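> Structure below; questions to follow.
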Amino acid sequence: MDNILNITDSIYYVGLNDRDTHLFENMWPLPKGVTYNSYLIKDEKNVLFDTVKATKTHLFIEKINNILDGKKLDYLVINHMEPDHSGSISDILRAYPDIKIIGNKKTFEFLKALYGIESNLYEIKDGDEIDLGKHKLKFYLTPMVHWPETMMTFEETEKILFAGDAFGGFGTLDGGVFDDEVDIEYYENEIRRYYSNIVGKFGPMVQRAMKKLSGLDIKIIASTHGPVWRTNPGRIISLYDKWSKYETEEGVVIAYGSMYGNTEKMADYIARCLSDEGIKNIRVMNSSEVHESFIINEIWRFKGVLFGTNTYNNGIFPRMENLLINLEHKGIKNRVFGVFGTYGWSGGGVKGIVEYIKKNKWEMVCDPVEVQFSAHEEHYEKLRNLAKEMAK
Ligand code: FEO
């Protein structure tokens, strides 16, 4: 049949692209859009894995009906309840009133609280299995990857892991769906941005889930966002392992706030000094211009972080403080930090950033460098020293 996308002979892709939503979770920019991936197994029992955001329900049900071609939908497995995946559950229930909804105890608590659904439930526990005919499903509870009810489902015959949010990323699937059909470099940056923005706080839980799944012979990873990994699932597994251990590459992110260019001048000077020290990956990012989503993504990659701020009403420049609040939320670890900035008549900006650093027990490479209004000849040695300490 036309317009039906097979993952394998009897497993189908029924996900959808979203190019209309500008902010994921009403917070994180989506310049390249996002997918809500969903999958369908056809067997003696037909099973759907997760749904899509409510705005896409109509197209979603059309796709499912095309594939079922008059057959029954027996089960809906809910690996994750966040509304980007659960938004169409009520409509699925209306379209297939005999369906059984498979989830764990927490899933059903959320299902009732979000949508008032209390019927058609089939509760599973960690390690439970269900036979579909040729296929067999096994359920693994993986709490906090990304919510407490999160689980993953492994199909044992074709060895496909339905992974929920794990291993997924931002970016629509423009034609190609599989890792071997797309320019994977294009997606990797968006996958790290998704990881660092959405899942990043839960690194230890991601590690726990990966240990739990480590014995499985996984041939295909089918996440709820981004490409399906059928040729090189090992690549995304090892990236996830690295990110969730907070491992880094050599490089420095200089994020700054500057009203009239004086703090920016310091940022550029430090960047030049870092280059003199042989650092090749330097990202100078203006917090007024670049959304913190993208700054956090770079910080997730590199070891060094320099914060620059002017003083604004005796405090940190608000756009910079927003970045710090978000980094605190993400529980960033294993980085080295430095601070620089300016004040007019009373300080507060640099002091405010140092307080964040101390509160979070982040490591500082040396004392901050703070100047009145603008850096001049007499300040450059201190700025160069900050760059040298960072480069070490
Ligand atoms: Fe893609 Fe946690 O939702």
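Order determines the names: the first chain of the structure tokens is A, the second B, and so forth; residues in each chain are numbered 1 upward, and ligands are numbered 1 upward as they are shown.
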Which residues of chain A sit at most 12 Å from ligand 1, using only C-alpha atoms and all ligand atoms? Give each one's shortest atom pair and distance in Å (one decimal place), in chain and ascending residue order, as JSON lines.


{"residue": "A:Phe24", "atom": "CA", "partner": "ligand 1", "partner_atom_place_in_ligand_line": "1 (Fe)", "distance": 9.0}
{"residue": "A:Glu25", "atom": "CA", "partner": "ligand 1", "partner_atom_place_in_ligand_line": "3 (O)", "distance": 8.7}
{"residue": "A:Val34", "atom": "CA", "partner": "ligand 1", "partner_atom_place_in_ligand_line": "1 (Fe)", "distance": 9.5}
{"residue": "A:Thr35", "atom": "CA", "partner": "ligand 1", "partner_atom_place_in_ligand_line": "1 (Fe)", "distance": 9.0}
{"residue": "A:Tyr36", "atom": "CA", "partner": "ligand 1", "partner_atom_place_in_ligand_line": "1 (Fe)", "distance": 7.3}
{"residue": "A:Asn37", "atom": "CA", "partner": "ligand 1", "partner_atom_place_in_ligand_line": "1 (Fe)", "distance": 9.1}
{"residue": "A:Ser38", "atom": "CA", "partner": "ligand 1", "partner_atom_place_in_ligand_line": "1 (Fe)", "distance": 11.2}
{"residue": "A:Asp50", "atom": "CA", "partner": "ligand 1", "partner_atom_place_in_ligand_line": "1 (Fe)", "distance": 10.3}
{"residue": "A:Thr51", "atom": "CA", "partner": "ligand 1", "partner_atom_place_in_ligand_line": "1 (Fe)", "distance": 10.5}
{"residue": "A:Val52", "atom": "CA", "partner": "ligand 1", "partner_atom_place_in_ligand_line": "1 (Fe)", "distance": 9.4}
{"residue": "A:Lys53", "atom": "CA", "partner": "ligand 1", "partner_atom_place_in_ligand_line": "1 (Fe)", "distance": 9.5}
{"residue": "A:Ile78", "atom": "CA", "partner": "ligand 1", "partner_atom_place_in_ligand_line": "3 (O)", "distance": 11.7}
{"residue": "A:Asn79", "atom": "CA", "partner": "ligand 1", "partner_atom_place_in_ligand_line": "2 (Fe)", "distance": 10.0}
{"residue": "A:His80", "atom": "CA", "partner": "ligand 1", "partner_atom_place_in_ligand_line": "2 (Fe)", "distance": 6.8}
{"residue": "A:Met81", "atom": "CA", "partner": "ligand 1", "partner_atom_place_in_ligand_line": "3 (O)", "distance": 7.5}
{"residue": "A:Glu82", "atom": "CA", "partner": "ligand 1", "partner_atom_place_in_ligand_line": "3 (O)", "distance": 4.9}
{"residue": "A:Pro83", "atom": "CA", "partner": "ligand 1", "partner_atom_place_in_ligand_line": "3 (O)", "distance": 7.0}
{"residue": "A:Asp84", "atom": "CA", "partner": "ligand 1", "partner_atom_place_in_ligand_line": "1 (Fe)", "distance": 5.6}
{"residue": "A:His85", "atom": "CA", "partner": "ligand 1", "partner_atom_place_in_ligand_line": "1 (Fe)", "distance": 6.3}
{"residue": "A:Ser86", "atom": "CA", "partner": "ligand 1", "partner_atom_place_in_ligand_line": "3 (O)", "distance": 9.0}
{"residue": "A:Gly87", "atom": "CA", "partner": "ligand 1", "partner_atom_place_in_ligand_line": "3 (O)", "distance": 10.8}
{"residue": "A:Pro143", "atom": "CA", "partner": "ligand 1", "partner_atom_place_in_ligand_line": "2 (Fe)", "distance": 11.5}
{"residue": "A:Met144", "atom": "CA", "partner": "ligand 1", "partner_atom_place_in_ligand_line": "2 (Fe)", "distance": 9.3}
{"residue": "A:Val145", "atom": "CA", "partner": "ligand 1", "partner_atom_place_in_ligand_line": "2 (Fe)", "distance": 7.7}
{"residue": "A:His146", "atom": "CA", "partner": "ligand 1", "partner_atom_place_in_ligand_line": "2 (Fe)", "distance": 5.3}
{"residue": "A:Trp147", "atom": "CA", "partner": "ligand 1", "partner_atom_place_in_ligand_line": "2 (Fe)", "distance": 6.6}
{"residue": "A:Pro148", "atom": "CA", "partner": "ligand 1", "partner_atom_place_in_ligand_line": "2 (Fe)", "distance": 10.3}
{"residue": "A:Glu149", "atom": "CA", "partner": "ligand 1", "partner_atom_place_in_ligand_line": "2 (Fe)", "distance": 10.5}
{"residue": "A:Thr150", "atom": "CA", "partner": "ligand 1", "partner_atom_place_in_ligand_line": "2 (Fe)", "distance": 8.6}
{"residue": "A:Met151", "atom": "CA", "partner": "ligand 1", "partner_atom_place_in_ligand_line": "2 (Fe)", "distance": 11.4}
{"residue": "A:Ala163", "atom": "CA", "partner": "ligand 1", "partner_atom_place_in_ligand_line": "1 (Fe)", "distance": 10.7}
{"residue": "A:Gly164", "atom": "CA", "partner": "ligand 1", "partner_atom_place_in_ligand_line": "1 (Fe)", "distance": 7.2}
{"residue": "A:Asp165", "atom": "CA", "partner": "ligand 1", "partner_atom_place_in_ligand_line": "1 (Fe)", "distance": 5.0}
{"residue": "A:Ala166", "atom": "CA", "partner": "ligand 1", "partner_atom_place_in_ligand_line": "1 (Fe)", "distance": 8.7}
{"residue": "A:Phe167", "atom": "CA", "partner": "ligand 1", "partner_atom_place_in_ligand_line": "1 (Fe)", "distance": 10.6}
{"residue": "A:Gly168", "atom": "CA", "partner": "ligand 1", "partner_atom_place_in_ligand_line": "1 (Fe)", "distance": 8.1}
{"residue": "A:Gly169", "atom": "CA", "partner": "ligand 1", "partner_atom_place_in_ligand_line": "1 (Fe)", "distance": 8.7}
{"residue": "A:Phe170", "atom": "CA", "partner": "ligand 1", "partner_atom_place_in_ligand_line": "1 (Fe)", "distance": 9.4}
{"residue": "A:Ile191", "atom": "CA", "partner": "ligand 1", "partner_atom_place_in_ligand_line": "1 (Fe)", "distance": 11.8}
{"residue": "A:Tyr194", "atom": "CA", "partner": "ligand 1", "partner_atom_place_in_ligand_line": "1 (Fe)", "distance": 9.2}
{"residue": "A:Tyr195", "atom": "CA", "partner": "ligand 1", "partner_atom_place_in_ligand_line": "2 (Fe)", "distance": 10.3}
{"residue": "A:Asn197", "atom": "CA", "partner": "ligand 1", "partner_atom_place_in_ligand_line": "2 (Fe)", "distance": 10.8}
{"residue": "A:Ile198", "atom": "CA", "partner": "ligand 1", "partner_atom_place_in_ligand_line": "2 (Fe)", "distance": 7.2}
{"residue": "A:Val199", "atom": "CA", "partner": "ligand 1", "partner_atom_place_in_ligand_line": "2 (Fe)", "distance": 7.7}
{"residue": "A:Gly200", "atom": "CA", "partner": "ligand 1", "partner_atom_place_in_ligand_line": "2 (Fe)", "distance": 11.5}
{"residue": "A:Phe202", "atom": "CA", "partner": "ligand 1", "partner_atom_place_in_ligand_line": "2 (Fe)", "distance": 11.8}
{"residue": "A:Ser223", "atom": "CA", "partner": "ligand 1", "partner_atom_place_in_ligand_line": "1 (Fe)", "distance": 9.1}
{"residue": "A:Thr224", "atom": "CA", "partner": "ligand 1", "partner_atom_place_in_ligand_line": "1 (Fe)", "distance": 6.3}
{"residue": "A:His225", "atom": "CA", "partner": "ligand 1", "partner_atom_place_in_ligand_line": "1 (Fe)", "distance": 6.6}
{"residue": "A:Gly226", "atom": "CA", "partner": "ligand 1", "partner_atom_place_in_ligand_line": "1 (Fe)", "distance": 10.2}

> Where does DSSP see strand (DSSP E or B) in stretch 336-387 of chain A, if you list the residues as a list in words?

Val336, Phe337, Gly338, Val339, Phe340, Gly341, Thr342, Tyr343, Glu363, Met364, Val369, Glu370, Val371 and Gln372 of chain A

> Could you save those same residues with N, CA and C atoms as a compact mmCIF listing (two decimals), in the first residue's frame?


# COMPACT_ATOMS: atom_id res chain seq x y z
N VAL A 336 34.47 22.89 34.49
CA VAL A 336 35.19 23.92 35.25
C VAL A 336 34.67 25.29 34.81
N PHE A 337 34.56 26.18 35.77
CA PHE A 337 33.89 27.46 35.53
C PHE A 337 34.81 28.65 35.81
N GLY A 338 34.55 29.75 35.13
CA GLY A 338 35.21 31.01 35.41
C GLY A 338 34.20 32.14 35.22
N VAL A 339 34.50 33.29 35.84
CA VAL A 339 33.53 34.41 35.80
C VAL A 339 34.26 35.71 35.50
N PHE A 340 33.63 36.54 34.71
CA PHE A 340 34.14 37.90 34.46
C PHE A 340 32.94 38.83 34.29
N GLY A 341 33.21 40.14 34.39
CA GLY A 341 32.08 41.05 34.18
C GLY A 341 32.39 42.48 34.54
N THR A 342 31.34 43.28 34.51
CA THR A 342 31.48 44.72 34.69
C THR A 342 30.47 45.23 35.73
N TYR A 343 30.77 46.42 36.26
CA TYR A 343 29.80 47.12 37.10
C TYR A 343 29.92 48.61 36.80
N GLU A 363 33.12 23.82 40.23
CA GLU A 363 34.54 24.15 40.45
C GLU A 363 34.91 25.42 39.68
N MET A 364 35.55 26.38 40.38
CA MET A 364 36.01 27.60 39.71
C MET A 364 37.50 27.54 39.48
N VAL A 369 37.12 38.03 37.39
CA VAL A 369 37.69 39.31 36.98
C VAL A 369 36.54 40.30 36.77
N GLU A 370 36.57 41.39 37.54
CA GLU A 370 35.49 42.36 37.45
C GLU A 370 36.08 43.76 37.25
N VAL A 371 35.53 44.51 36.34
CA VAL A 371 36.06 45.86 36.07
C VAL A 371 34.93 46.88 36.11
N GLN A 372 35.29 48.14 36.32
CA GLN A 372 34.28 49.20 36.31
C GLN A 372 34.03 49.63 34.85

> Write out as an MDAnalysis selection string the set of residues from stretch 146-377 of chain A that DSSP, computed on the backbone, places in alpha helix (DSSP H).

chainID A and resid 184:194 203:213 233:244 262:276 292:301 318:330 349:359

> Just the residues within 9 Å of stretch 10-22 of chain A, please, counting only C-alpha atoms, with nothing from its chain fewer than 3 positions along; format it as a PyMOL selection string.

chain A and resi 4-7+26-43+48+51-53+56+59-61+63-64+67+171-174+177+224-225

> Could you dump the residues just selected with C-alpha atoms as a PDB file, in the first residue's frame?


ATOM      1  CA  ILE A   4       2.882   3.106   4.571  1.00  0.00           C
ATOM      2  CA  LEU A   5       6.312   2.963   6.108  1.00  0.00           C
ATOM      3  CA  ASN A   6       7.648  -0.374   7.279  1.00  0.00           C
ATOM      4  CA  ILE A   7      10.239  -0.697  10.022  1.00  0.00           C
ATOM      5  CA  ASN A  26       6.369  25.784  25.634  1.00  0.00           C
ATOM      6  CA  MET A  27       9.996  26.563  26.403  1.00  0.00           C
ATOM      7  CA  TRP A  28      12.593  25.023  24.058  1.00  0.00           C
ATOM      8  CA  PRO A  29      12.827  26.379  20.481  1.00  0.00           C
ATOM      9  CA  LEU A  30      12.118  24.043  17.569  1.00  0.00           C
ATOM     10  CA  PRO A  31      13.773  25.658  14.527  1.00  0.00           C
ATOM     11  CA  LYS A  32      13.961  22.244  12.858  1.00  0.00           C
ATOM     12  CA  GLY A  33      10.625  20.971  14.182  1.00  0.00           C
ATOM     13  CA  VAL A  34      10.104  17.693  16.029  1.00  0.00           C
ATOM     14  CA  THR A  35       8.577  14.258  15.420  1.00  0.00           C
ATOM     15  CA  TYR A  36       6.212  12.272  17.598  1.00  0.00           C
ATOM     16  CA  ASN A  37       7.112   8.700  16.721  1.00  0.00           C
ATOM     17  CA  SER A  38       4.631   5.902  17.153  1.00  0.00           C
ATOM     18  CA  TYR A  39       4.816   2.305  15.920  1.00  0.00           C
ATOM     19  CA  LEU A  40       2.389  -0.476  15.127  1.00  0.00           C
ATOM     20  CA  ILE A  41       2.980  -4.240  15.187  1.00  0.00           C
ATOM     21  CA  LYS A  42       0.633  -6.389  13.100  1.00  0.00           C
ATOM     22  CA  ASP A  43       0.335  -9.938  14.381  1.00  0.00           C
ATOM     23  CA  LEU A  48       0.315   0.424  18.962  1.00  0.00           C
ATOM     24  CA  THR A  51       0.545   8.088  20.482  1.00  0.00           C
ATOM     25  CA  VAL A  52       1.159  11.654  19.242  1.00  0.00           C
ATOM     26  CA  LYS A  53       0.430  15.208  20.349  1.00  0.00           C
ATOM     27  CA  LYS A  56      -1.943  15.540  15.165  1.00  0.00           C
ATOM     28  CA  LEU A  59      -3.694  12.208  10.662  1.00  0.00           C
ATOM     29  CA  PHE A  60      -2.468   9.665  13.194  1.00  0.00           C
ATOM     30  CA  ILE A  61      -5.706   7.671  13.249  1.00  0.00           C
ATOM     31  CA  LYS A  63      -2.410   6.217   9.254  1.00  0.00           C
ATOM     32  CA  ILE A  64      -3.332   3.494  11.751  1.00  0.00           C
ATOM     33  CA  ILE A  67      -2.392  -0.229   8.069  1.00  0.00           C
ATOM     34  CA  GLY A 171      14.191  17.690  14.235  1.00  0.00           C
ATOM     35  CA  THR A 172      11.511  16.459  11.839  1.00  0.00           C
ATOM     36  CA  LEU A 173      12.139  13.410   9.665  1.00  0.00           C
ATOM     37  CA  ASP A 174      12.181  14.952   6.210  1.00  0.00           C
ATOM     38  CA  VAL A 177      13.388   7.877   8.841  1.00  0.00           C
ATOM     39  CA  THR A 224       9.534   8.502  20.307  1.00  0.00           C
ATOM     40  CA  HIS A 225      11.516  11.338  18.659  1.00  0.00           C
TER      41      HIS A 225
END

> Excluding stretch 264-273 of chain A and any residue of its chain fewer than 3 positions from it, enumerate the residues within 8 Å of it, using only C-alpha atoms, and give them as a list in words.

Ile254, Tyr256, Gly257, Ser258, Gly261, Asp276, Glu277, Ile282, Val284, Gly308, Phe340, Gly341, Ala375, Leu383, Arg384, Leu386, Ala387 and Lys388 of chain A

> So which residues touch stretch 155-160 of chain A within 6 Å, counting only C-alpha atoms, skipping near sequence neighbours fewer than 3 positions away, as a CSV table (one decimal) with N, CA and C atoms, in the first residue's frame?


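Full text of selection_39.csv as output:
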chain,number,residue,atom,x,y,z
A,135,HIS,N,5.3,-12.3,17.6
A,135,HIS,CA,6.1,-11.4,18.4
A,135,HIS,C,5.8,-11.5,19.9
A,136,LYS,N,6.9,-11.2,20.7
A,136,LYS,CA,6.7,-11.2,22.1
A,136,LYS,C,7.3,-9.9,22.7
A,137,LEU,N,6.5,-9.3,23.6
A,137,LEU,CA,6.9,-8.1,24.2
A,137,LEU,C,7.4,-8.3,25.7
A,218,ILE,N,20.0,-5.7,21.1
A,218,ILE,CA,19.1,-4.8,20.4
A,218,ILE,C,19.6,-4.6,19.0
A,219,LYS,N,18.7,-4.8,18.0
A,219,LYS,CA,19.0,-4.6,16.6
A,219,LYS,C,18.5,-3.3,16.1
A,220,ILE,N,17.3,-2.8,16.7
A,220,ILE,CA,16.7,-1.6,16.3
A,220,ILE,C,16.3,-0.8,17.5
A,221,ILE,N,16.6,0.5,17.5
A,221,ILE,CA,16.1,1.4,18.5
A,221,ILE,C,15.1,2.3,17.9

> Provide the atom CA of A:Glu109 to atom CA of A:Lys138 distance in Å, to one decimal place.

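These atoms are spaced 21.3 Å apart.
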
> Go through A:Asn326, A:Thr248, A:Ser287, A:Thr142 and flag the residue nearest A:Lys212, using only C-alpha atoms for the distances.

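Nearest candidate to A:Lys212 out of A:Asn326, A:Thr248, A:Ser287, A:Thr142: A:Thr142.
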
> One decimal, Å: what's the distance from atom CA of A:Asn297 over to atom CA of A:Ser196, could you say?

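A separation of 5.8 Å between them.
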
> Applying 12 Å and only C-alpha atoms, which residues near A:Lys359 remain after dropping the ones on its own chain fewer than 3 positions away? List them as a list of chain:residue names.

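Result of the neighbour search: A:Leu324, A:Ile325, A:Glu328, A:Gly331, A:Gly352, A:Ile353, A:Val354, A:Glu355, A:Tyr356, A:Trp362, A:Glu363.
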
> Please determine, counting only C-alpha atoms, which residue among A:Arg230, A:Phe294, A:Ser346, A:His329 has the shortest atom-to-atom distance to A:Asn313.

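Selected residue with least distance to A:Asn313: A:Ser346.
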
> Could you check the closest approach to A:Gly133 for each of A:Ile316, A:Ala255, A:Ile299, A:Val47 and tell me which residue wins, using only C-alpha atoms?

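Comparing A:Ile316, A:Ala255, A:Ile299, A:Val47 against A:Gly133, the winner is A:Val47.
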
> Go through A:Ile184, A:Leu132, A:Met152, A:Val365 and flag the residue nearest A:Met390, using only C-alpha atoms for the distances.

A:Val365
